[in-house]
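Structure file upload.tsv; described as TSV, C-alpha atoms.
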```tsv
chain	number	residue	atom	x	y	z
A	1	MET	CA	-0.75	-14.66	-22.32
A	2	THR	CA	-3.57	-12.23	-21.72
A	3	VAL	CA	-2.83	-9.62	-19.05
A	4	SER	CA	-5.69	-8.14	-17.03
A	5	ILE	CA	-4.98	-4.62	-15.79
A	6	ILE	CA	-7.27	-3.42	-13.02
A	7	VAL	CA	-7.93	0.25	-12.28
A	8	ALA	CA	-10.12	1.45	-9.40
A	9	VAL	CA	-11.43	4.94	-10.16
A	10	TYR	CA	-12.86	7.58	-7.86
A	11	ASN	CA	-12.93	11.25	-8.89
A	12	ALA	CA	-9.81	10.87	-11.02
A	13	GLU	CA	-11.02	12.75	-14.10
A	14	GLN	CA	-7.95	14.98	-14.30
A	15	TYR	CA	-5.56	12.00	-14.14
A	16	LEU	CA	-7.40	9.40	-16.21
A	17	PRO	CA	-6.10	10.40	-19.66
A	18	ARG	CA	-2.52	9.88	-18.50
A	19	CYS	CA	-3.38	6.51	-16.96
A	20	MET	CA	-5.59	5.18	-19.77
A	21	GLU	CA	-3.23	6.22	-22.56
A	22	SER	CA	-0.32	4.47	-20.84
A	23	LEU	CA	-2.36	1.26	-20.52
A	24	LEU	CA	-4.14	1.17	-23.88
A	25	GLY	CA	-0.90	2.23	-25.59
A	26	GLN	CA	1.10	-0.76	-24.32
A	27	THR	CA	3.45	-2.37	-26.84
A	28	TYR	CA	2.08	-5.72	-25.64
A	29	LYS	CA	-1.41	-5.83	-27.14
A	30	ASP	CA	-2.98	-8.92	-25.55
A	31	ILE	CA	-4.43	-7.06	-22.59
A	32	GLU	CA	-7.80	-6.30	-21.03
A	33	VAL	CA	-8.20	-3.18	-18.90
A	34	ILE	CA	-10.97	-3.34	-16.31
A	35	ALA	CA	-11.79	0.06	-14.83
A	36	VAL	CA	-14.22	0.16	-11.91
A	37	ASP	CA	-15.85	3.50	-11.17
A	38	ASP	CA	-16.52	3.75	-7.43
A	39	CYS	CA	-19.43	6.24	-7.67
A	40	SER	CA	-17.33	9.20	-8.80
A	41	THR	CA	-18.97	12.61	-8.56
A	42	ASP	CA	-16.87	14.17	-11.34
A	43	GLY	CA	-16.63	13.23	-15.01
A	44	SER	CA	-14.58	10.06	-14.50
A	45	LEU	CA	-17.27	7.63	-15.62
A	46	HIS	CA	-18.09	9.59	-18.77
A	47	LEU	CA	-14.41	9.76	-19.67
A	48	LEU	CA	-13.99	6.02	-19.15
A	49	GLN	CA	-16.98	5.34	-21.38
A	50	GLN	CA	-15.41	7.46	-24.12
A	51	TYR	CA	-12.18	5.45	-23.95
A	52	ALA	CA	-14.15	2.19	-23.93
A	53	ALA	CA	-16.06	3.22	-27.05
A	54	ALA	CA	-12.75	3.71	-28.84
A	55	ASP	CA	-11.00	0.55	-27.57
A	56	MET	CA	-12.85	-2.70	-26.93
A	57	ARG	CA	-10.10	-3.92	-24.61
A	58	LEU	CA	-11.35	-1.52	-21.94
A	59	LYS	CA	-14.26	-2.75	-19.82
A	60	VAL	CA	-15.99	-0.26	-17.52
A	61	LEU	CA	-17.80	-1.42	-14.38
A	62	GLN	CA	-19.75	0.63	-11.84
A	63	MET	CA	-20.06	0.05	-8.10
A	64	GLU	CA	-23.56	0.40	-6.72
A	65	GLN	CA	-22.26	2.48	-3.81
A	66	ASN	CA	-18.94	4.02	-2.87
A	67	SER	CA	-17.02	1.13	-1.30
A	68	GLY	CA	-13.34	2.03	-1.55
A	69	ALA	CA	-10.59	0.91	-3.91
A	70	PRO	CA	-10.06	-2.59	-2.42
A	71	ALA	CA	-13.72	-3.53	-2.93
A	72	ALA	CA	-13.66	-2.12	-6.47
A	73	ARG	CA	-10.52	-4.10	-7.29
A	74	ASN	CA	-12.02	-7.26	-5.84
A	75	ARG	CA	-14.98	-6.93	-8.20
A	76	ALA	CA	-12.72	-6.39	-11.20
A	77	MET	CA	-10.57	-9.33	-10.19
A	78	MET	CA	-13.58	-11.65	-10.24
A	79	MET	CA	-14.46	-10.42	-13.75
A	80	SER	CA	-10.96	-10.72	-15.18
A	81	CYS	CA	-9.96	-13.35	-17.73
A	82	GLY	CA	-6.19	-12.93	-18.05
A	83	GLU	CA	-3.50	-15.42	-17.05
A	84	LEU	CA	-1.55	-12.49	-15.61
A	85	MET	CA	-2.84	-9.56	-13.59
A	86	SER	CA	-1.68	-6.09	-12.60
A	87	THR	CA	-3.17	-3.18	-10.67
A	88	VAL	CA	-2.54	0.43	-11.60
A	89	ASP	CA	-3.92	3.40	-9.64
A	90	ALA	CA	-6.05	5.83	-11.61
A	91	ASP	CA	-3.67	8.73	-10.95
A	92	ASP	CA	-0.57	6.74	-11.94
A	93	CYS	CA	0.79	5.33	-15.20
A	94	ILE	CA	3.31	2.79	-16.50
A	95	SER	CA	5.88	2.90	-19.29
A	96	LEU	CA	4.55	1.75	-22.66
A	97	ASP	CA	6.77	-1.35	-22.63
A	98	ALA	CA	6.17	-2.30	-18.97
A	99	ILE	CA	3.77	-5.18	-19.64
A	100	GLU	CA	5.83	-6.53	-22.53
A	101	LYS	CA	8.96	-6.67	-20.36
A	102	ALA	CA	7.10	-8.53	-17.61
A	103	VAL	CA	5.51	-11.03	-20.01
A	104	ARG	CA	8.89	-11.91	-21.48
A	105	ILE	CA	10.10	-12.91	-18.02
A	106	PHE	CA	7.02	-15.02	-17.33
A	107	GLU	CA	7.30	-16.80	-20.68
A	108	ALA	CA	10.95	-17.69	-20.08
A	109	ASN	CA	10.53	-18.66	-16.42
A	110	PRO	CA	7.53	-20.89	-15.61
A	111	THR	CA	8.25	-20.91	-11.85
A	112	VAL	CA	8.17	-17.11	-11.56
A	113	ASP	CA	4.85	-15.91	-10.10
A	114	ILE	CA	5.57	-12.19	-9.68
A	115	VAL	CA	7.50	-9.61	-11.69
A	116	THR	CA	7.73	-6.26	-9.94
A	117	TYR	CA	7.74	-2.88	-11.63
A	118	ASP	CA	10.67	-0.48	-11.42
A	119	LEU	CA	9.09	2.20	-9.23
A	120	ILE	CA	9.51	5.90	-10.02
A	121	ARG	CA	8.01	8.43	-7.59
A	122	VAL	CA	6.82	11.61	-9.25
A	123	ASN	CA	6.14	14.87	-7.44
A	124	ALA	CA	2.86	15.88	-9.05
A	125	ALA	CA	3.46	19.57	-8.38
A	126	THR	CA	6.97	19.81	-9.83
A	127	GLY	CA	7.22	16.75	-12.07
A	128	LYS	CA	10.45	15.72	-10.36
A	129	GLU	CA	11.10	11.98	-10.69
A	130	THR	CA	12.80	9.99	-7.93
A	131	PRO	CA	13.68	6.36	-8.71
A	132	HIS	CA	13.15	3.81	-5.96
A	133	VAL	CA	16.64	2.53	-5.20
A	134	VAL	CA	16.75	-1.16	-4.32
A	135	ASN	CA	19.50	-2.21	-1.92
A	136	PRO	CA	22.20	-3.94	-4.03
A	137	ALA	CA	22.28	-6.72	-1.43
A	138	ILE	CA	18.76	-7.76	-2.46
A	139	PRO	CA	18.90	-10.32	-5.30
A	140	ARG	CA	17.06	-9.63	-8.55
A	141	ARG	CA	15.46	-13.07	-8.33
A	142	MET	CA	14.40	-14.73	-5.08
A	143	SER	CA	11.84	-16.95	-3.43
A	144	GLY	CA	8.41	-15.50	-2.69
A	145	LYS	CA	8.96	-15.72	1.07
A	146	GLU	CA	12.24	-13.81	0.84
A	147	ALA	CA	10.55	-11.18	-1.32
A	148	CYS	CA	7.73	-10.91	1.24
A	149	TYR	CA	10.33	-10.20	3.93
A	150	TRP	CA	11.70	-7.29	1.91
A	151	THR	CA	8.25	-5.90	1.13
A	152	LEU	CA	7.48	-5.53	4.85
A	153	HIS	CA	9.43	-2.25	4.80
A	154	TRP	CA	8.86	-1.76	1.05
A	155	ASP	CA	12.55	-2.25	0.30
A	156	ILE	CA	11.20	-3.70	-2.92
A	157	PRO	CA	7.98	-2.27	-4.40
A	158	GLY	CA	4.68	-4.08	-4.06
A	159	LEU	CA	3.58	-2.95	-7.52
A	160	ASP	CA	3.78	-5.81	-9.95
A	161	VAL	CA	2.46	-8.18	-12.56
A	162	VAL	CA	1.37	-11.48	-10.98
A	163	ARG	CA	-0.06	-14.79	-12.10
A	164	ALA	CA	-3.83	-14.43	-11.82
A	165	SER	CA	-4.24	-17.90	-10.29
A	166	LEU	CA	-2.19	-16.70	-7.30
A	167	GLU	CA	-3.66	-13.21	-7.04
A	168	LYS	CA	-7.24	-14.50	-7.02
A	169	ARG	CA	-6.54	-16.57	-3.91
A	170	PHE	CA	-6.26	-13.39	-1.86
A	171	MET	CA	-9.05	-10.83	-2.02
A	172	ALA	CA	-8.33	-7.44	-0.45
A	173	GLU	CA	-9.50	-6.95	3.14
A	174	THR	CA	-12.18	-4.34	2.59
A	175	GLN	CA	-12.79	-3.76	6.31
A	176	TYR	CA	-9.53	-1.80	6.48
A	177	GLY	CA	-10.45	0.73	3.80
A	178	GLN	CA	-7.79	1.74	1.31
A	179	TYR	CA	-5.11	-0.17	3.22
A	180	GLY	CA	-6.71	-3.60	2.75
A	181	ASP	CA	-4.73	-4.11	-0.44
A	182	GLU	CA	-1.44	-3.94	1.46
A	183	THR	CA	-2.12	-7.05	3.53
A	184	THR	CA	-3.07	-8.89	0.35
A	185	THR	CA	0.13	-7.79	-1.37
A	186	HIS	CA	2.36	-9.19	1.37
A	187	LEU	CA	0.46	-12.49	1.45
A	188	VAL	CA	0.63	-12.91	-2.33
A	189	PHE	CA	4.41	-12.43	-2.19
A	190	TYR	CA	4.66	-14.92	0.68
A	191	HIS	CA	2.90	-17.62	-1.34
A	192	ALA	CA	4.72	-16.96	-4.63
A	193	ARG	CA	7.21	-19.53	-5.85
A	194	GLU	CA	9.70	-17.02	-7.26
A	195	VAL	CA	9.82	-13.24	-7.68
A	196	VAL	CA	11.84	-11.25	-10.19
A	197	LEU	CA	12.57	-7.53	-9.91
A	198	GLY	CA	11.53	-6.26	-13.33
A	199	GLU	CA	12.47	-3.26	-15.44
A	200	GLY	CA	9.09	-1.94	-16.57
A	201	LYS	CA	8.55	1.53	-15.12
A	202	TYR	CA	5.66	2.36	-12.78
A	203	TYR	CA	5.19	6.11	-12.24
A	204	TYR	CA	3.72	6.69	-8.80
A	205	TYR	CA	2.36	10.24	-8.61
A	206	GLN	CA	2.44	11.88	-5.18
A	207	ASN	CA	-0.54	14.20	-5.19
A	208	PRO	CA	-1.22	16.59	-2.25
A	209	GLY	CA	-4.90	15.65	-2.20
A	210	SER	CA	-4.38	11.88	-2.35
A	211	TYR	CA	-5.76	9.45	0.23
A	212	THR	CA	-2.41	8.94	1.92
A	213	ASN	CA	-1.92	12.69	2.34
A	214	SER	CA	-5.44	13.54	3.51
A	215	ILE	CA	-6.43	14.31	7.10
A	216	SER	CA	-9.03	11.64	7.73
A	217	ILE	CA	-9.95	9.11	10.39
A	218	LYS	CA	-9.45	6.50	7.67
A	219	ARG	CA	-5.70	7.08	7.89
A	220	PHE	CA	-5.76	5.22	11.22
A	221	GLU	CA	-7.13	2.05	9.62
A	222	MET	CA	-3.51	1.22	8.81
A	223	LEU	CA	-2.94	0.27	12.46
A	224	GLU	CA	-5.55	-2.50	12.39
A	225	CYS	CA	-4.50	-3.59	8.92
A	226	ARG	CA	-0.95	-4.26	10.16
A	227	GLN	CA	-2.23	-6.23	13.14
A	228	SER	CA	-4.27	-8.39	10.77
A	229	LEU	CA	-1.15	-9.08	8.70
A	230	ARG	CA	0.77	-10.00	11.83
A	231	ARG	CA	-1.88	-12.52	12.89
A	232	GLN	CA	-1.93	-14.08	9.43
A	233	LEU	CA	1.84	-14.39	9.19
A	234	ILE	CA	1.93	-16.09	12.59
A	235	ALA	CA	-0.84	-18.47	11.47
A	236	LEU	CA	1.23	-19.32	8.38
A	237	GLY	CA	4.20	-20.21	10.57
A	238	ALA	CA	6.37	-17.36	9.29
A	239	GLU	CA	9.86	-17.14	10.73
A	240	GLN	CA	10.32	-14.85	13.73
A	241	ARG	CA	12.41	-12.44	11.64
A	242	PHE	CA	9.27	-11.64	9.61
A	243	ILE	CA	7.30	-10.79	12.75
A	244	ARG	CA	10.09	-8.68	14.24
A	245	ARG	CA	10.53	-6.77	11.00
A	246	LEU	CA	6.79	-6.12	10.82
A	247	ASP	CA	6.71	-5.03	14.48
A	248	VAL	CA	9.37	-2.40	13.80
A	249	LYS	CA	7.22	-1.02	10.99
A	250	ARG	CA	4.10	-1.10	13.18
A	251	TRP	CA	5.94	0.81	15.93
A	252	HIS	CA	6.98	3.56	13.55
A	253	GLU	CA	3.46	3.75	12.15
A	254	LEU	CA	2.03	4.08	15.65
A	255	MET	CA	4.33	7.02	16.32
A	256	ARG	CA	3.25	8.64	13.05
A	257	ALA	CA	-0.38	8.07	14.02
A	258	CYS	CA	0.23	9.77	17.37
A	259	LYS	CA	1.85	12.70	15.60
A	260	LEU	CA	-1.05	13.01	13.16
A	261	TYR	CA	-3.50	12.96	16.07
A	262	ARG	CA	-1.53	15.62	18.00
A	263	GLN	CA	-1.24	17.95	15.04
A	264	HIS	CA	-4.73	17.59	13.61
A	265	GLY	CA	-6.88	16.30	16.48
A	266	ARG	CA	-9.09	19.38	16.44
A	267	GLN	CA	-10.20	18.57	12.90
A	268	PHE	CA	-11.90	15.39	14.12
A	269	THR	CA	-15.23	15.19	15.92
A	270	GLN	CA	-15.37	14.06	19.54
A	271	GLU	CA	-16.59	10.61	18.48
A	272	GLU	CA	-13.81	10.33	15.91
A	273	ARG	CA	-11.20	11.28	18.52
A	274	LYS	CA	-12.52	8.55	20.83
A	275	ASP	CA	-12.34	6.04	17.99
A	276	ILE	CA	-8.79	7.07	17.03
A	277	TRP	CA	-7.63	6.89	20.64
A	278	LYS	CA	-9.13	3.41	20.96
A	279	ARG	CA	-7.31	2.24	17.82
A	280	MET	CA	-3.95	3.65	18.93
A	281	LYS	CA	-4.36	2.23	22.44
A	282	ALA	CA	-5.21	-1.22	21.07
A	283	THR	CA	-2.18	-1.13	18.78
A	284	TYR	CA	0.09	-0.08	21.65
A	285	GLY	CA	-1.31	-2.91	23.76
A	286	SER	CA	-0.35	-5.44	21.08
A	287	PHE	CA	3.37	-4.81	21.69
A	288	ARG	CA	5.62	-6.48	24.22
A	289	PHE	CA	8.97	-5.04	25.22
A	290	SER	CA	10.70	-8.06	23.68
A	291	ASP	CA	9.03	-7.41	20.30
A	292	LEU	CA	11.25	-4.41	19.59
A	293	PRO	CA	14.99	-3.78	19.28
A	294	LEU	CA	16.36	-2.02	22.37
A	295	ASN	CA	17.20	1.12	20.39
A	296	LEU	CA	13.47	1.54	19.74
A	297	ALA	CA	12.02	0.24	23.01
A	298	LEU	CA	14.31	2.53	25.04
A	299	ALA	CA	14.60	5.50	22.67
A	300	PRO	CA	14.37	8.92	24.40
A	301	PHE	CA	10.80	10.32	24.27
A	302	ARG	CA	9.73	7.19	22.37
A	303	ALA	CA	10.36	4.49	24.96
A	304	MET	CA	7.77	1.89	25.86
A	305	MET	CA	5.81	2.90	28.96
A	306	PRO	CA	3.45	1.00	31.31
A	307	THR	CA	0.36	2.48	29.62
A	308	PHE	CA	-0.51	4.03	26.28
A	309	ARG	CA	-1.51	7.29	27.98
A	310	LEU	CA	1.97	7.65	29.46
A	311	PHE	CA	3.49	6.81	26.08
A	312	TYR	CA	1.38	9.49	24.42
A	313	ILE	CA	2.30	12.07	27.09
A	314	GLU	CA	5.92	11.21	26.36
A	315	GLN	CA	5.29	12.09	22.71
A	316	VAL	CA	3.74	15.42	23.73
A	317	MET	CA	6.77	16.19	25.90
A	318	LYS	CA	9.05	15.52	22.95
A	319	GLN	CA	7.06	18.00	20.87
A	320	PHE	CA	7.34	20.58	23.68
A	321	VAL	CA	11.11	20.08	24.01
A	322	ASN	CA	11.54	20.49	20.26
A	323	TRP	CA	9.56	23.73	20.47
A	324	LEU	CA	11.82	25.02	23.29
A	325	ILE	CA	14.96	24.19	21.32
A	326	ARG	CA	13.75	26.22	18.39
```
Once more with this new file: its structure as structure tokens, please.
Amino acid sequence: MTVSIIVAVYNAEQYLPRCMESLLGQTYKDIEVIAVDDCSTDGSLHLLQQYAAADMRLKVLQMEQNSGAPAARNRAMMMSCGELMSTVDADDCISLDAIEKAVRIFEANPTVDIVTYDLIRVNAATGKETPHVVNPAIPRRMSGKEACYWTLHWDIPGLDVVRASLEKRFMAETQYGQYGDETTTHLVFYHAREVVLGEGKYYYYQNPGSYTNSISIKRFEMLECRQSLRRQLIALGAEQRFIRRLDVKRWHELMRACKLYRQHGRQFTQEERKDIWKRMKATYGSFRFSDLPLNLALAPFRAMMPTFRLFYIEQVMKQFVNWLIR
């Protein structure tokens, strides 16, 4: 089984050696690594070309214009030839035996479509490693739909090795920026026959300057991405428990978006603030009181209100009360 490993690269020069060496050094040798440079302005492309010159299993592609990681991964996916596929971020790495462990499971279990990695979060500043602890109540092997349910709150990681025939059915939604991959991940799990929680390590580096930690209007694209997933799950006839679980996550993400806007609103232009407000208002308007558990819908300073403006004022009041208490 050939395994295609896809890496989207943008200004990752300082991290690439760690990533490339973990991929090209895999104990399982039947791999192709497809790295797509998304118009980096540092030395990423040159470094990739050096690795490619030394190892023919690495293919380097270039985007014509900066398009974001989902678009770069989509292009690599269309070029891939492997029966299995995995995606690794350019600032992350995997254990040297990770692919071999996954392949063994696929070879022994023809109905398994996804083998997840064992996720390890790494503080890039300190090097401290924190394993992702999976609830013991979650089985190590389950149906794809059940696995999708658990991924909605990331109780199990969405980082995996997957059969390419399944992965290629779902291209990332590029209109939602970096978050487009997340919708795809949930849908791939939903359509999988069986999922196994694997043992190959994935080291997820938490860098202060990463996309998810930056102060950018693009952070608010998550709100629309989640609404898209909700619509698609409903269209697929997903059980109501899926929708309710997703709505709880969307509610928490809306509150985080409001907090980000309150704390950093001055860093955005007037047009950006209007756009952010519109996105948050639209997300708030997509909720009904019955969508949420009562402990969330009626929570002090977080309760549902007749309008989004009143809800946001409620959030500001909470911030003021916290300041008074201090």
Problem - Long-range neighbours of Ala69 in chain A as number ranges by chain, 8 Å cut-off, only C-alpha atoms, 5 positions minimum in chain - result: A: 8-9, 38, 177-178
Handout entry: Option closest in space to Arg18 in chain A, from A:Cys225, A:Ala147, A:Ala164, A:Val88 [counting all atoms listed in the file]
Key =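 Ranking A:Cys225, A:Ala147, A:Ala164, A:Val88 by distance to Arg18 in chain A, first place goes to A:Val88.
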Exercise for the section: Fewer than 2 positions away in the same chain doesn't count, so skip those; otherwise give me all residues within 10 Å of Asp181 in chain A, counting only C-alpha atoms, as a ChimeraX atom specification. Expected result: /A:69-71,73-74,170-174,176-179,183-186,225
Exercise for the section: Using only C-alpha atoms, pick whichever of A:Leu246, A:Ile120, A:Ile94, A:Met255 has the shortest atom-to-atom distance to His132 in chain A. Expected result: A:Ile120
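Note that the spacing between CA of Lys201 in chain A and CA of Arg245 in chain A amounts to 27.5 Å.
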Completion exercise
Nearest to Phe287 in chain A, restricted to only C-alpha atoms and choosing among A:Gln206, A:Ser216, A:Thr307, A:Ser143, comes out as A:Thr307
Mind giving me the axis-aligned box for range 297-309 of chain A with 6 Å on every side, centre plus edges in Å to one decimal, as lines of an AutoDock Vina configuration file?
```
center_x = 6.5
center_y = 5.3
center_z = 26.8
size_x = 28.1
size_y = 22.1
size_z = 20.9
```
Practice task
Please provide the set of residues having any atom within 10 Å of range 230-233 of chain A, restricted to only C-alpha atoms, with same-chain residues fewer than 2 positions apart removed, written as a PyMOL selection string.
Solution key: chain A and resi 183+186-187+190+224-228+235-240+242-244+246-247+250
Problem - Pairwise distance for CA of Ser22 in chain A and CA of Gly43 in chain A, rounded to one decimal in Å - result: 19.4 Å
Problem - Atomic separation - CA of Gln62 in chain A relative to CA of Leu16 in chain A, Å - result: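 According to the coordinates, CA of Leu16 in chain A and CA of Gln62 in chain A are separated by 15.8 Å.
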Can you take the partial range 100-122 of chain A, add N, CA, C and O atoms, and return it as a compact mmCIF listing (two decimals), in the coordinates of the input?
```txt
# COMPACT_ATOMS: atom_id res chain seq x y z
N GLU A 100 5.04 -5.67 -21.63
CA GLU A 100 5.83 -6.53 -22.53
C GLU A 100 7.06 -7.08 -21.81
O GLU A 100 7.39 -8.28 -21.92
N LYS A 101 7.76 -6.22 -21.07
CA LYS A 101 8.96 -6.67 -20.36
C LYS A 101 8.62 -7.73 -19.31
O LYS A 101 9.37 -8.70 -19.13
N ALA A 102 7.50 -7.55 -18.62
CA ALA A 102 7.10 -8.53 -17.61
C ALA A 102 6.71 -9.86 -18.26
O ALA A 102 7.11 -10.94 -17.79
N VAL A 103 5.96 -9.81 -19.35
CA VAL A 103 5.51 -11.03 -20.01
C VAL A 103 6.69 -11.85 -20.50
O VAL A 103 6.69 -13.10 -20.40
N ARG A 104 7.70 -11.19 -21.01
CA ARG A 104 8.89 -11.91 -21.48
C ARG A 104 9.50 -12.74 -20.36
O ARG A 104 9.95 -13.88 -20.57
N ILE A 105 9.53 -12.18 -19.16
CA ILE A 105 10.10 -12.91 -18.02
C ILE A 105 9.23 -14.10 -17.66
O ILE A 105 9.73 -15.21 -17.41
N PHE A 106 7.93 -13.92 -17.64
CA PHE A 106 7.02 -15.02 -17.33
C PHE A 106 7.15 -16.14 -18.36
O PHE A 106 7.17 -17.33 -18.01
N GLU A 107 7.23 -15.79 -19.63
CA GLU A 107 7.30 -16.80 -20.68
C GLU A 107 8.58 -17.62 -20.59
O GLU A 107 8.58 -18.83 -20.90
N ALA A 108 9.66 -16.99 -20.15
CA ALA A 108 10.95 -17.69 -20.08
C ALA A 108 11.17 -18.40 -18.75
O ALA A 108 12.10 -19.21 -18.64
N ASN A 109 10.31 -18.12 -17.76
CA ASN A 109 10.53 -18.66 -16.42
C ASN A 109 9.20 -19.15 -15.83
O ASN A 109 8.51 -18.39 -15.14
N PRO A 110 8.84 -20.39 -16.05
CA PRO A 110 7.53 -20.89 -15.61
C PRO A 110 7.32 -20.94 -14.11
O PRO A 110 6.18 -21.05 -13.65
N THR A 111 8.40 -20.88 -13.31
CA THR A 111 8.25 -20.91 -11.85
C THR A 111 8.17 -19.51 -11.24
O THR A 111 8.01 -19.38 -10.03
N VAL A 112 8.28 -18.49 -12.06
CA VAL A 112 8.17 -17.11 -11.56
C VAL A 112 6.68 -16.74 -11.48
O VAL A 112 5.95 -16.87 -12.45
N ASP A 113 6.25 -16.29 -10.31
CA ASP A 113 4.85 -15.91 -10.10
C ASP A 113 4.63 -14.40 -10.06
O ASP A 113 3.51 -13.94 -10.26
N ILE A 114 5.69 -13.65 -9.79
CA ILE A 114 5.57 -12.19 -9.68
C ILE A 114 6.75 -11.52 -10.35
O ILE A 114 7.90 -11.92 -10.15
N VAL A 115 6.46 -10.49 -11.14
CA VAL A 115 7.50 -9.61 -11.69
C VAL A 115 7.15 -8.20 -11.23
O VAL A 115 6.07 -7.69 -11.56
N THR A 116 8.02 -7.59 -10.46
CA THR A 116 7.73 -6.26 -9.94
C THR A 116 8.01 -5.20 -11.01
O THR A 116 8.75 -5.43 -11.97
N TYR A 117 7.41 -4.04 -10.81
CA TYR A 117 7.74 -2.88 -11.63
C TYR A 117 8.96 -2.17 -11.04
O TYR A 117 9.29 -2.34 -9.86
N ASP A 118 9.60 -1.38 -11.87
CA ASP A 118 10.67 -0.48 -11.42
C ASP A 118 9.98 0.83 -11.03
O ASP A 118 9.52 1.57 -11.89
N LEU A 119 9.90 1.10 -9.75
CA LEU A 119 9.09 2.20 -9.23
C LEU A 119 9.79 3.55 -9.38
O LEU A 119 10.96 3.71 -9.02
N ILE A 120 9.04 4.52 -9.92
CA ILE A 120 9.51 5.90 -10.02
C ILE A 120 8.49 6.79 -9.32
O ILE A 120 7.32 6.83 -9.70
N ARG A 121 8.91 7.48 -8.27
CA ARG A 121 8.01 8.43 -7.59
C ARG A 121 8.07 9.77 -8.30
O ARG A 121 9.16 10.25 -8.64
N VAL A 122 6.90 10.34 -8.52
CA VAL A 122 6.82 11.61 -9.25
C VAL A 122 6.11 12.65 -8.38
O VAL A 122 4.99 12.42 -7.93
```
